[in-house]
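Take a look at the structure below.
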Amino acid sequence: MNEFTFLADNESDTQRLGAALAKVLPPGTTVALIGTLGAGKTRLVQALAAGCGVPPETVVSPTFVLCQEYHGQRTLYHLDAYRLKDDDEFLELGPEEYFASDGITLIEWADRVLDCLPPQRLEIHIEVVGDTARQFRLVAVGGESSAMLNDLAAALSR
């Protein structure tokens, strides 16, 4: 499976998706979060962080600091490309170190720096479909995330 769509009717469903991702994402995965302002990118990162044992209230949008690091059962690198002018500014952050680590690298506004991302990644496109409802379209780019999407679909069907 190269693509999987999950409809979250509310924040509880988003929490469930984040918890499932925390279980199935392989070490070293880069996750590109793509969606409009207020779509729920940071909320999904909080849910995933909670699934990794990081208190969700400590997870904040890294818009002004550009990168936050969280340590729980897994290490999370949370980057934000919203305020960056171009690819060069993103590359100055040294993302290759994060990409090469065993941690999970999550990048908000990743559509602004797609050319800088590793060829193997998971893209999560988030669309607002109601007051509290969000549609998450998860796409395995480069093929290696395909098995993970199968595991995710199985975890969410329980």
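Chain labels run A, B, ... following the order of the structure tokens; each chain numbers its residues from 1, and ligands are numbered from 1 in the order shown.
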Give one line per residue of region 38-87 of chain A that approaches region 21-33 of chain A to at most 8 Å, naming the two atoms of the closest pair and their distance in Å to one decimal, counting only C-alpha atoms; sort by chain then ascending residue number and deliver it as CSV.
residue,atom,partner,partner_atom,distance
A:Lys41,CA,A:Leu33,CA,6.3
A:Leu48,CA,A:Ala22,CA,5.3
A:Ala49,CA,A:Ala22,CA,7.3
A:Gly51,CA,A:Ala22,CA,5.3
A:Cys52,CA,A:Ala22,CA,5.9
Which neighbours of Pro56 (chain A) fall inside 6 Å, counting only C-alpha atoms, when residues of the same chain fewer than 3 positions from it are skipped, and could you give them as a ChimeraX atom specification? /A:46,50,59
Write to file, as a compact mmCIF listing (two decimals), in the first residue's frame, the residues of the selection just made, with C-alpha atoms.
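So selection_5.txt came out as:
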# COMPACT_ATOMS: atom_id res chain seq x y z
CA GLN A 46 1.38 16.20 19.95
CA ALA A 50 2.16 11.32 23.55
CA VAL A 59 5.04 19.94 22.31
Residues near region 3-12 of chain A, cut-off 10 Å, only C-alpha atoms, skip fewer than 6 positions along chain, as a VMD selection string: chain A and resid 18 40 43 to 44 47 122 to 141 145 to 146 149 to 150 152 to 153 156
Would you output that residue set with C-alpha atoms, as a short mmCIF file (atom, residue, chain, number, x, y, z; two decimals), in the first residue's frame?
data_model
loop_
_atom_site.label_atom_id
_atom_site.label_comp_id
_atom_site.auth_asym_id
_atom_site.auth_seq_id
_atom_site.Cartn_x
_atom_site.Cartn_y
_atom_site.Cartn_z
CA GLY A 18 -0.85 9.69 16.49
CA GLY A 40 -3.86 20.19 12.75
CA ARG A 43 -1.93 18.60 17.02
CA LEU A 44 -0.91 15.41 15.19
CA ALA A 47 -0.60 12.98 19.56
CA LEU A 122 6.08 9.61 4.74
CA GLU A 123 3.97 12.55 3.62
CA ILE A 124 0.85 13.36 5.61
CA HIS A 125 -1.53 15.70 3.82
CA ILE A 126 -4.09 17.16 6.24
CA GLU A 127 -7.35 18.65 5.04
CA VAL A 128 -9.99 20.38 7.14
CA VAL A 129 -13.32 18.73 6.30
CA GLY A 130 -15.48 20.04 9.15
CA ASP A 131 -15.39 22.03 12.39
CA THR A 132 -13.50 19.27 14.19
CA ALA A 133 -13.03 16.78 11.34
CA ARG A 134 -9.76 16.27 9.46
CA GLN A 135 -8.82 14.00 6.60
CA PHE A 136 -5.29 12.61 6.79
CA ARG A 137 -3.89 11.28 3.53
CA LEU A 138 -0.68 9.37 4.23
CA VAL A 139 1.59 8.75 1.24
CA ALA A 140 4.67 6.51 1.23
CA VAL A 141 7.24 8.29 -0.92
CA SER A 145 7.06 3.28 4.04
CA SER A 146 4.57 1.03 2.24
CA LEU A 149 1.10 1.95 6.02
CA ASN A 150 -0.20 -1.63 6.05
CA LEU A 152 -0.92 1.47 10.42
CA ALA A 153 -4.15 0.46 8.68
CA LEU A 156 -6.35 1.59 13.33
#
With a distance cut-off of 8 Å and only C-alpha atoms, select the neighbouring residues of region 76-88 of chain A, excluding the residue or stretch itself and same-chain residues fewer than 5 positions from it, and output the selection as a PyMOL selection string. chain A and resi 45+49+61-64+66-71+98+103-110+112-113+115-116
Give me, please, the distance in Å between CA of Pro119 (chain A) and CA of Glu92 (chain A), quoted to one decimal.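 Here the two named atoms are 19.0 Å from each other.
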